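Chemist: My structure is stored as run-v1.tsv, with TSV, C-alpha atoms.
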chain	number	residue	atom	x	y	z
A	101	MET	CA	4.91	16.76	-16.15
A	102	THR	CA	3.95	15.54	-19.62
A	103	SER	CA	3.63	11.90	-20.69
A	104	ASP	CA	6.92	12.20	-22.63
A	105	GLN	CA	8.73	13.53	-19.58
A	106	ILE	CA	7.41	10.64	-17.49
A	107	LEU	CA	8.59	8.09	-20.08
A	108	LYS	CA	12.04	9.69	-20.18
A	109	ARG	CA	12.36	9.57	-16.40
A	110	LEU	CA	11.28	5.95	-15.95
A	111	PRO	CA	14.03	4.02	-14.12
A	112	TYR	CA	13.90	1.08	-16.58
A	113	GLN	CA	15.56	0.16	-19.85
A	114	ASP	CA	15.58	-2.69	-22.34
A	115	PRO	CA	15.16	-5.62	-21.69
A	116	PHE	CA	12.98	-4.66	-18.72
A	117	LEU	CA	11.07	-1.61	-19.92
A	118	PHE	CA	7.43	-2.52	-20.55
A	119	VAL	CA	5.89	0.84	-21.47
A	120	ASP	CA	5.65	2.15	-25.05
A	121	ALA	CA	3.30	5.10	-24.61
A	122	ILE	CA	0.86	6.81	-22.28
A	123	GLU	CA	-2.50	7.54	-23.91
A	124	ALA	CA	-4.24	9.35	-21.06
A	125	ILE	CA	-3.19	10.39	-17.58
A	126	SER	CA	-4.81	12.26	-14.68
A	127	LEU	CA	-4.61	12.24	-10.88
A	128	ALA	CA	-7.33	9.58	-10.95
A	129	GLY	CA	-5.76	7.10	-13.36
A	130	ILE	CA	-3.80	6.24	-16.46
A	131	THR	CA	-4.08	4.37	-19.77
A	132	GLY	CA	-0.95	3.17	-21.55
A	133	HIS	CA	0.20	0.44	-23.89
A	134	TYR	CA	3.07	-1.89	-24.71
A	135	THR	CA	3.82	-4.35	-27.52
A	136	PHE	CA	5.80	-7.46	-26.57
A	137	LYS	CA	8.76	-7.98	-28.88
A	138	HIS	CA	9.28	-11.33	-30.54
A	139	ASP	CA	12.91	-11.46	-29.37
A	140	HIS	CA	12.33	-10.99	-25.61
A	141	TYR	CA	14.79	-13.23	-23.77
A	142	PHE	CA	12.12	-14.90	-21.62
A	143	TYR	CA	10.37	-16.47	-24.60
A	144	ILE	CA	13.36	-18.81	-24.96
A	145	GLY	CA	12.48	-20.53	-21.70
A	146	HIS	CA	8.77	-19.78	-21.18
A	147	PHE	CA	7.85	-22.23	-22.51
A	148	LYS	CA	10.22	-24.53	-24.41
A	149	ASN	CA	9.24	-24.20	-28.10
A	150	ASN	CA	5.99	-22.54	-27.02
A	151	PRO	CA	6.55	-18.84	-26.27
A	152	ILE	CA	3.93	-17.28	-23.96
A	153	THR	CA	4.46	-14.10	-21.93
A	154	PRO	CA	5.01	-15.04	-18.25
A	155	GLY	CA	2.37	-13.81	-15.77
A	156	VAL	CA	5.06	-12.07	-13.71
A	157	ILE	CA	6.01	-10.03	-16.78
A	158	LEU	CA	2.36	-9.06	-17.29
A	159	ILE	CA	2.28	-7.91	-13.65
A	160	GLU	CA	5.50	-5.96	-14.26
A	161	CYS	CA	3.94	-4.28	-17.30
A	162	MET	CA	0.81	-3.42	-15.27
A	163	ALA	CA	2.96	-2.05	-12.45
A	164	GLN	CA	5.23	0.03	-14.72
A	165	ILE	CA	2.29	1.71	-16.46
A	166	GLY	CA	-0.37	1.57	-13.76
A	167	LEU	CA	1.71	2.40	-10.68
A	168	VAL	CA	5.10	3.87	-11.60
A	169	CYS	CA	3.97	6.19	-14.41
A	170	LEU	CA	0.87	7.21	-12.48
A	171	GLY	CA	2.83	7.62	-9.23
A	172	MET	CA	5.36	9.87	-10.94
A	173	TYR	CA	2.52	11.96	-12.34
A	174	ILE	CA	0.79	12.24	-8.95
A	175	MET	CA	4.08	13.30	-7.34
A	176	LYS	CA	5.17	15.48	-10.27
A	177	ASP	CA	5.64	18.65	-8.22
A	178	GLU	CA	7.92	16.97	-5.69
A	179	ILE	CA	9.73	14.84	-8.25
A	180	SER	CA	10.51	17.60	-10.74
A	181	THR	CA	13.37	18.90	-8.60
A	182	HIS	CA	14.77	15.47	-7.68
A	183	ASP	CA	16.78	13.02	-9.70
A	184	ASN	CA	15.46	9.58	-9.00
A	185	PRO	CA	12.41	8.78	-6.91
A	186	LYS	CA	12.66	5.55	-4.94
A	187	ILE	CA	10.04	3.02	-5.94
A	188	ALA	CA	9.10	-0.42	-4.69
A	189	LEU	CA	6.38	-2.90	-5.56
A	190	THR	CA	4.78	-3.92	-2.27
A	191	SER	CA	1.84	-6.17	-3.18
A	192	SER	CA	-0.05	-7.63	-6.09
A	193	GLN	CA	-3.17	-9.73	-6.37
A	194	VAL	CA	-3.87	-10.52	-10.01
A	195	ASP	CA	-6.17	-12.92	-11.86
A	196	PHE	CA	-5.28	-14.03	-15.41
A	197	TYR	CA	-7.77	-14.82	-18.14
A	198	LEU	CA	-6.00	-14.98	-21.51
A	199	PRO	CA	-2.44	-15.66	-22.73
A	200	VAL	CA	-0.30	-12.92	-24.30
A	201	LEU	CA	1.89	-14.04	-27.21
A	202	PRO	CA	5.05	-12.54	-28.76
A	203	GLY	CA	4.09	-9.49	-30.84
A	204	ASP	CA	0.83	-8.86	-28.94
A	205	LYS	CA	-0.06	-5.30	-28.01
A	206	VAL	CA	-1.59	-4.82	-24.57
A	207	THR	CA	-3.35	-1.82	-23.09
A	208	VAL	CA	-3.17	-1.19	-19.35
A	209	ILE	CA	-5.85	0.83	-17.55
A	210	SER	CA	-5.21	1.75	-13.94
A	211	GLU	CA	-7.53	3.52	-11.52
A	212	LYS	CA	-6.18	5.05	-8.33
A	213	ASP	CA	-7.72	3.52	-5.24
A	214	VAL	CA	-5.63	5.17	-2.53
A	215	PHE	CA	-2.59	7.44	-2.43
A	216	ARG	CA	-1.64	8.17	1.17
A	217	PHE	CA	1.69	8.45	2.96
A	218	ASN	CA	3.59	7.59	-0.27
A	219	LYS	CA	1.68	4.37	-0.86
A	220	LEU	CA	-0.19	4.04	-4.14
A	221	LYS	CA	-2.81	1.32	-4.47
A	222	CYS	CA	-4.55	0.84	-7.82
A	223	LYS	CA	-7.10	-1.32	-9.57
A	224	VAL	CA	-5.37	-2.36	-12.78
A	225	ARG	CA	-6.72	-4.09	-15.89
A	226	MET	CA	-4.91	-5.29	-19.03
A	227	TYR	CA	-6.61	-5.77	-22.42
A	228	ASN	CA	-5.32	-7.30	-25.66
A	229	ALA	CA	-5.67	-5.76	-29.15
A	230	GLU	CA	-9.11	-7.37	-29.46
A	231	GLU	CA	-10.12	-5.47	-26.29
A	232	GLU	CA	-10.52	-8.70	-24.37
A	233	LEU	CA	-9.59	-8.73	-20.68
A	234	VAL	CA	-6.19	-10.41	-20.24
A	235	CYS	CA	-5.76	-9.92	-16.49
A	236	ARG	CA	-6.86	-7.66	-13.66
A	237	GLY	CA	-6.11	-7.08	-10.03
A	238	GLN	CA	-4.95	-4.82	-7.28
A	239	ILE	CA	-1.34	-3.65	-7.19
A	240	SER	CA	0.38	-1.47	-4.59
A	241	GLY	CA	3.72	0.24	-4.34
A	242	MET	CA	5.63	2.88	-2.42
A	243	ILE	CA	7.13	5.95	-4.04
A	244	SER	CA	9.31	8.47	-2.24
A	245	LEU	CA	12.01	10.98	-2.97
B	277	MET	CA	-13.31	13.91	56.57
B	278	ALA	CA	-15.55	11.23	57.90
B	279	LEU	CA	-14.23	7.75	57.44
B	280	GLU	CA	-17.21	6.74	55.34
B	281	THR	CA	-16.72	9.66	52.95
B	282	LEU	CA	-13.04	8.82	52.63
B	283	MET	CA	-13.97	5.22	51.82
B	284	ASP	CA	-16.38	6.51	49.16
B	285	VAL	CA	-13.69	8.71	47.61
B	286	LEU	CA	-11.21	5.84	47.55
B	287	PHE	CA	-13.82	3.54	46.06
B	288	LEU	CA	-14.71	6.01	43.33
B	289	ARG	CA	-11.05	6.58	42.53
B	290	LYS	CA	-10.50	2.85	42.29
B	291	LEU	CA	-13.50	2.56	40.01
B	292	ALA	CA	-12.21	5.37	37.79
B	293	ASN	CA	-8.77	3.78	37.60
B	294	ARG	CA	-10.30	0.47	36.69
B	295	ARG	CA	-12.33	2.15	33.98
B	296	ILE	CA	-9.17	3.73	32.52
B	297	THR	CA	-7.37	0.35	32.60
B	298	MET	CA	-10.32	-1.32	30.91
B	299	LYS	CA	-10.43	1.38	28.24
B	300	LYS	CA	-6.71	0.94	27.64
B	301	GLU	CA	-7.04	-2.83	27.38
B	302	ALA	CA	-9.93	-2.51	24.96
B	303	LEU	CA	-7.86	-0.15	22.81
B	304	ILE	CA	-4.91	-2.57	22.78
B	305	ALA	CA	-7.27	-5.38	21.76
B	306	GLN	CA	-8.67	-3.26	18.91
B	307	LEU	CA	-5.15	-2.40	17.72
B	308	LYS	CA	-4.18	-6.05	17.85
B	309	ASP	CA	-7.09	-6.89	15.53
B	310	ILE	CA	-6.10	-4.09	13.15
B	311	VAL	CA	-2.42	-5.06	12.82
B	312	GLN	CA	-3.02	-8.83	12.72
B	313	PRO	CA	-3.29	-9.20	8.89
B	314	TYR	CA	0.00	-7.36	8.34
B	315	VAL	CA	2.17	-9.04	10.98
B	316	GLN	CA	5.11	-11.27	10.02
B	317	ASN	CA	6.03	-12.27	13.56
B	318	GLU	CA	2.99	-14.12	15.00
B	319	GLU	CA	4.69	-14.76	18.32
B	320	ALA	CA	5.27	-11.05	18.91
B	321	LEU	CA	1.59	-10.47	18.10
B	322	GLU	CA	0.55	-13.00	20.76
B	323	ASN	CA	2.68	-11.18	23.32
B	324	LEU	CA	1.66	-7.71	22.17
B	325	THR	CA	2.05	-5.00	24.83
B	326	GLU	CA	2.14	-1.20	24.88
B	327	ASN	CA	5.87	-1.36	24.17
B	328	THR	CA	5.56	-3.49	21.03
B	329	ASP	CA	7.22	-1.84	18.03
B	330	PHE	CA	5.37	-2.28	14.72
B	331	ILE	CA	8.50	-2.58	12.60
B	332	SER	CA	11.18	-4.19	14.78
B	333	ASP	CA	8.89	-6.51	16.79
B	334	LEU	CA	5.94	-7.29	14.51
B	335	LYS	CA	8.03	-6.97	11.29
B	336	ILE	CA	5.34	-4.98	9.48
B	337	ASN	CA	6.69	-3.46	6.23
B	338	SER	CA	6.37	0.22	5.39
B	339	ALA	CA	3.56	-0.33	2.87
B	340	ASN	CA	1.51	-2.28	5.39
B	341	LEU	CA	2.20	0.35	8.05
B	342	VAL	CA	0.23	2.67	5.78
B	343	ASP	CA	-2.58	0.07	5.74
B	344	VAL	CA	-2.52	-0.03	9.55
B	345	VAL	CA	-2.95	3.77	9.65
B	346	LEU	CA	-5.76	3.68	7.05
B	347	ASP	CA	-7.52	0.94	9.05
B	348	VAL	CA	-7.10	2.93	12.27
B	349	GLU	CA	-8.72	5.93	10.55
B	350	GLU	CA	-11.66	3.81	9.47
B	351	VAL	CA	-12.19	1.91	12.73
B	352	PHE	CA	-11.99	5.02	14.95
B	353	ASP	CA	-13.40	7.49	12.41
B	354	ILE	CA	-10.44	9.86	12.81
B	355	GLU	CA	-7.94	11.45	10.45
B	356	ILE	CA	-4.24	10.81	10.84
B	357	ASP	CA	-1.92	13.48	9.39
B	358	ASN	CA	1.66	13.05	8.18
B	359	ASP	CA	3.21	14.05	11.51
B	360	ALA	CA	1.07	11.57	13.44
B	361	MET	CA	1.78	8.87	10.84
B	362	GLU	CA	5.52	9.28	11.32
B	363	LYS	CA	5.16	8.91	15.09
B	364	MET	CA	2.88	5.88	14.95
B	365	LEU	CA	5.60	3.26	15.26
B	366	THR	CA	4.66	1.53	18.52
B	367	VAL	CA	1.44	0.35	20.16
B	368	LYS	CA	1.90	3.04	22.83
B	369	ALA	CA	2.36	5.86	20.30
B	370	ALA	CA	-0.67	4.63	18.34
B	371	MET	CA	-2.78	4.57	21.52
B	372	GLU	CA	-1.73	8.11	22.42
B	373	ILE	CA	-2.48	9.41	18.93
B	374	ILE	CA	-5.86	7.64	18.77
B	375	SER	CA	-6.87	8.86	22.25
B	376	ALA	CA	-5.86	12.44	21.44
B	377	LYS	CA	-7.79	12.41	18.14
B	378	LEU	CA	-10.85	10.90	19.85
B	379	ASP	CA	-10.72	13.61	22.54
B	380	GLU	CA	-10.67	16.29	19.83
B	381	LYS	CA	-13.97	15.03	18.45
Step by step, read the file and then write its structure as structure tokens.
Modeler:
Amino acid sequence: MTSDQILKRLPYQDPFLFVDAIEAISLAGITGHYTFKHDHYFYIGHFKNNPITPGVILIECMAQIGLVCLGMYIMKDEISTHDNPKIALTSSQVDFYLPVLPGDKVTVISEKDVFRFNKLKCKVRMYNAEEELVCRGQISGMISL
Amino acid sequence: MALETLMDVLFLRKLANRRITMKKEALIAQLKDIVQPYVQNEEALENLTENTDFISDLKINSANLVDVVLDVEEVFDIEIDNDAMEKMLTVKAAMEIISAKLDEK
């Protein structure tokens, strides 16, 4: 399964798709990026007259690239014949260091920790365009057919 | 059989039975420690028995059930395959699987 095929099969769409491209992918990990649009609906409320990307959205971006894309790649042989794999976020422990503003491009790097019995656990880091660490943590999810 | 010999046999059998019970209790205690971080229902954990079900009684979610299996592998230095994983839904089933894997070693 190529990076393009993975992107096409992601079960998300605007306004909740937070993956632009996959730069590198292997059974051990993935690197991908996303640029936050200025007109995302959540900037209206987070915060009033002071738009900053919510931490939960950063976690979502990390999970979409670091777990879902990687999980689909790891399970590519099983998935290729099925329509929609079932996915669920099951835990996240993330520390935040820098804010992400509208228009910022972030790069997500995820390293597989464990993939057993359909559970994928990864160490995930997010960097901004200046290559500064934005947030990092451990995220887990389940993927099955 | 002389009475004394019979007494010896009975005593040894009793001792063996006690040893099995103790082994079983120790295993239950070890399992209790392993599942503790993943349990939603603390009361069910307090009253944990062989018949306790990981999902319906302890309310462990499927992702944490995987963690339980991974922890069991580490603590007992055994490997759990997919078939065993699918069966490991109660304390009793876990004990049987662990004992069988330990006997294989």
Chemist: Take every atom of stretch 154-173 of chain A listed in the file, fit an axis-aligned box around them, add 5 Å per side, and give the centre and edge lengths in Å to one decimal as AutoDock Vina command-line options.
Modeler:
--center_x 2.8 --center_y -1.5 --center_z -13.7 --size_x 16.4 --size_y 37.0 --size_z 19.0
Chemist: Which is closer to chain A than all the others in B:Val345, B:Leu279, B:Leu286, B:Met298, using all atoms listed in the file?
Modeler: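 Comparing B:Val345, B:Leu279, B:Leu286, B:Met298 against chain A, the winner is B:Val345.
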Chemist: For atom CA of B:Gln312 and atom CA of A:Ile187, determine how far apart the two atoms are, in Å to one decimal place.
Modeler: 25.7 Å
Chemist: Could you list, as a count of residues only, every residue within 6 Å of A:His133, counting all atoms listed in the file and ignoring same-chain residues fewer than 5 positions away?
Modeler: 5
Chemist: Using all atoms listed in the file, I'd like every residue of chain A that has an atom within 7 Å of chain B; please write them out as a list in words.
Modeler: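 Here is what falls inside 7 Å: Thr190, Phe217, Lys219 and Met242 of chain A.
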Chemist: Which value, in Å to one decimal, gives the distance between atom CA of A:Tyr173 and atom CA of A:Ala188?
Modeler: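 Computing it gives 16.0 Å between the two atoms.
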Chemist: Would you mind exporting chain B with C-alpha atoms, as a PDB file, in the first residue's frame?
Modeler:
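Generated output (out.pdb):
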ATOM      1  CA  MET B 277      -1.308 -51.473  54.554  1.00  0.00           C
ATOM      2  CA  ALA B 278      -0.101 -50.678  58.004  1.00  0.00           C
ATOM      3  CA  LEU B 279      -1.987 -47.914  59.691  1.00  0.00           C
ATOM      4  CA  GLU B 280       1.128 -45.786  60.020  1.00  0.00           C
ATOM      5  CA  THR B 281       1.886 -46.034  56.298  1.00  0.00           C
ATOM      6  CA  LEU B 282      -1.699 -45.114  55.480  1.00  0.00           C
ATOM      7  CA  MET B 283      -1.396 -42.082  57.758  1.00  0.00           C
ATOM      8  CA  ASP B 284       1.815 -41.115  55.938  1.00  0.00           C
ATOM      9  CA  VAL B 285       0.132 -41.408  52.545  1.00  0.00           C
ATOM     10  CA  LEU B 286      -2.816 -39.314  53.688  1.00  0.00           C
ATOM     11  CA  PHE B 287      -0.485 -36.744  55.186  1.00  0.00           C
ATOM     12  CA  LEU B 288       1.564 -36.481  52.002  1.00  0.00           C
ATOM     13  CA  ARG B 289      -1.575 -36.172  49.899  1.00  0.00           C
ATOM     14  CA  LYS B 290      -2.843 -33.422  52.158  1.00  0.00           C
ATOM     15  CA  LEU B 291       0.485 -31.662  51.884  1.00  0.00           C
ATOM     16  CA  ALA B 292       0.427 -31.936  48.087  1.00  0.00           C
ATOM     17  CA  ASN B 293      -3.117 -30.597  47.943  1.00  0.00           C
ATOM     18  CA  ARG B 294      -2.172 -27.711  50.157  1.00  0.00           C
ATOM     19  CA  ARG B 295       0.783 -26.964  47.919  1.00  0.00           C
ATOM     20  CA  ILE B 296      -1.501 -26.877  44.854  1.00  0.00           C
ATOM     21  CA  THR B 297      -3.959 -24.562  46.664  1.00  0.00           C
ATOM     22  CA  MET B 298      -1.113 -22.284  47.702  1.00  0.00           C
ATOM     23  CA  LYS B 299       0.231 -22.199  44.154  1.00  0.00           C
ATOM     24  CA  LYS B 300      -3.231 -21.343  42.859  1.00  0.00           C
ATOM     25  CA  GLU B 301      -3.674 -18.575  45.416  1.00  0.00           C
ATOM     26  CA  ALA B 302      -0.273 -17.127  44.585  1.00  0.00           C
ATOM     27  CA  LEU B 303      -1.194 -17.119  40.888  1.00  0.00           C
ATOM     28  CA  ILE B 304      -4.497 -15.349  41.591  1.00  0.00           C
ATOM     29  CA  ALA B 305      -2.622 -12.748  43.659  1.00  0.00           C
ATOM     30  CA  GLN B 306      -0.139 -12.183  40.815  1.00  0.00           C
ATOM     31  CA  LEU B 307      -2.986 -11.791  38.308  1.00  0.00           C
ATOM     32  CA  LYS B 308      -4.725  -9.349  40.614  1.00  0.00           C
ATOM     33  CA  ASP B 309      -1.585  -7.179  40.656  1.00  0.00           C
ATOM     34  CA  ILE B 310      -1.328  -7.338  36.865  1.00  0.00           C
ATOM     35  CA  VAL B 311      -4.936  -6.313  36.121  1.00  0.00           C
ATOM     36  CA  GLN B 312      -5.162  -3.681  38.873  1.00  0.00           C
ATOM     37  CA  PRO B 313      -4.043  -0.649  36.767  1.00  0.00           C
ATOM     38  CA  TYR B 314      -6.618  -1.407  34.056  1.00  0.00           C
ATOM     39  CA  VAL B 315      -9.683  -2.103  36.211  1.00  0.00           C
ATOM     40  CA  GLN B 316     -12.710   0.223  36.184  1.00  0.00           C
ATOM     41  CA  ASN B 317     -14.663  -1.639  38.851  1.00  0.00           C
ATOM     42  CA  GLU B 318     -12.550  -1.513  42.040  1.00  0.00           C
ATOM     43  CA  GLU B 319     -15.111  -3.428  44.064  1.00  0.00           C
ATOM     44  CA  ALA B 320     -14.995  -6.387  41.676  1.00  0.00           C
ATOM     45  CA  LEU B 321     -11.193  -6.320  41.957  1.00  0.00           C
ATOM     46  CA  GLU B 322     -11.418  -6.542  45.759  1.00  0.00           C
ATOM     47  CA  ASN B 323     -13.659  -9.589  45.437  1.00  0.00           C
ATOM     48  CA  LEU B 324     -11.667 -11.164  42.625  1.00  0.00           C
ATOM     49  CA  THR B 325     -12.103 -14.946  42.319  1.00  0.00           C
ATOM     50  CA  GLU B 326     -11.379 -17.587  39.682  1.00  0.00           C
ATOM     51  CA  ASN B 327     -14.759 -16.835  38.125  1.00  0.00           C
ATOM     52  CA  THR B 328     -14.155 -13.102  37.694  1.00  0.00           C
ATOM     53  CA  ASP B 329     -14.625 -12.004  34.076  1.00  0.00           C
ATOM     54  CA  PHE B 330     -12.158  -9.358  32.870  1.00  0.00           C
ATOM     55  CA  ILE B 331     -14.662  -7.515  30.693  1.00  0.00           C
ATOM     56  CA  SER B 332     -18.078  -7.908  32.333  1.00  0.00           C
ATOM     57  CA  ASP B 333     -16.914  -7.848  35.982  1.00  0.00           C
ATOM     58  CA  LEU B 334     -13.737  -5.749  36.020  1.00  0.00           C
ATOM     59  CA  LYS B 335     -14.847  -3.556  33.058  1.00  0.00           C
ATOM     60  CA  ILE B 336     -11.430  -3.700  31.389  1.00  0.00           C
ATOM     61  CA  ASN B 337     -11.571  -2.332  27.811  1.00  0.00           C
ATOM     62  CA  SER B 338     -10.266  -4.262  24.820  1.00  0.00           C
ATOM     63  CA  ALA B 339      -7.114  -2.139  24.500  1.00  0.00           C
ATOM     64  CA  ASN B 340      -6.219  -2.703  28.144  1.00  0.00           C
ATOM     65  CA  LEU B 341      -6.956  -6.410  27.799  1.00  0.00           C
ATOM     66  CA  VAL B 342      -4.033  -6.423  25.371  1.00  0.00           C
ATOM     67  CA  ASP B 343      -1.931  -4.696  28.066  1.00  0.00           C
ATOM     68  CA  VAL B 344      -2.943  -7.396  30.559  1.00  0.00           C
ATOM     69  CA  VAL B 345      -1.743 -10.082  28.129  1.00  0.00           C
ATOM     70  CA  LEU B 346       1.534  -8.227  27.448  1.00  0.00           C
ATOM     71  CA  ASP B 347       2.114  -7.855  31.199  1.00  0.00           C
ATOM     72  CA  VAL B 348       1.346 -11.550  31.749  1.00  0.00           C
ATOM     73  CA  GLU B 349       3.952 -12.405  29.087  1.00  0.00           C
ATOM     74  CA  GLU B 350       6.537 -10.261  30.833  1.00  0.00           C
ATOM     75  CA  VAL B 351       5.828 -11.349  34.410  1.00  0.00           C
ATOM     76  CA  PHE B 352       5.764 -15.088  33.613  1.00  0.00           C
ATOM     77  CA  ASP B 353       8.261 -14.979  30.724  1.00  0.00           C
ATOM     78  CA  ILE B 354       5.873 -16.800  28.374  1.00  0.00           C
ATOM     79  CA  GLU B 355       4.437 -16.105  24.936  1.00  0.00           C
ATOM     80  CA  ILE B 356       0.709 -15.827  24.422  1.00  0.00           C
ATOM     81  CA  ASP B 357      -0.542 -16.527  20.881  1.00  0.00           C
ATOM     82  CA  ASN B 358      -3.723 -15.240  19.234  1.00  0.00           C
ATOM     83  CA  ASP B 359      -5.787 -18.298  20.172  1.00  0.00           C
ATOM     84  CA  ALA B 360      -4.785 -18.066  23.834  1.00  0.00           C
ATOM     85  CA  MET B 361      -5.395 -14.304  23.807  1.00  0.00           C
ATOM     86  CA  GLU B 362      -8.958 -14.811  22.606  1.00  0.00           C
ATOM     87  CA  LYS B 363      -9.623 -17.310  25.396  1.00  0.00           C
ATOM     88  CA  MET B 364      -8.101 -15.195  28.158  1.00  0.00           C
ATOM     89  CA  LEU B 365     -11.316 -13.541  29.293  1.00  0.00           C
ATOM     90  CA  THR B 366     -11.600 -14.751  32.887  1.00  0.00           C
ATOM     91  CA  VAL B 367      -9.219 -15.245  35.809  1.00  0.00           C
ATOM     92  CA  LYS B 368      -9.723 -19.007  35.506  1.00  0.00           C
ATOM     93  CA  ALA B 369      -8.926 -19.092  31.777  1.00  0.00           C
ATOM     94  CA  ALA B 370      -5.849 -16.922  32.357  1.00  0.00           C
ATOM     95  CA  MET B 371      -4.649 -19.254  35.130  1.00  0.00           C
ATOM     96  CA  GLU B 372      -5.096 -22.308  32.905  1.00  0.00           C
ATOM     97  CA  ILE B 373      -3.243 -20.689  30.007  1.00  0.00           C
ATOM     98  CA  ILE B 374      -0.394 -19.467  32.239  1.00  0.00           C
ATOM     99  CA  SER B 375      -0.036 -22.861  33.955  1.00  0.00           C
ATOM    100  CA  ALA B 376      -0.020 -24.695  30.620  1.00  0.00           C
ATOM    101  CA  LYS B 377       2.613 -22.343  29.156  1.00  0.00           C
ATOM    102  CA  LEU B 378       4.758 -22.646  32.296  1.00  0.00           C
ATOM    103  CA  ASP B 379       4.557 -26.457  32.103  1.00  0.00           C
ATOM    104  CA  GLU B 380       5.758 -26.327  28.481  1.00  0.00           C
ATOM    105  CA  LYS B 381       8.941 -24.560  29.545  1.00  0.00           C
TER     106      LYS B 381
END
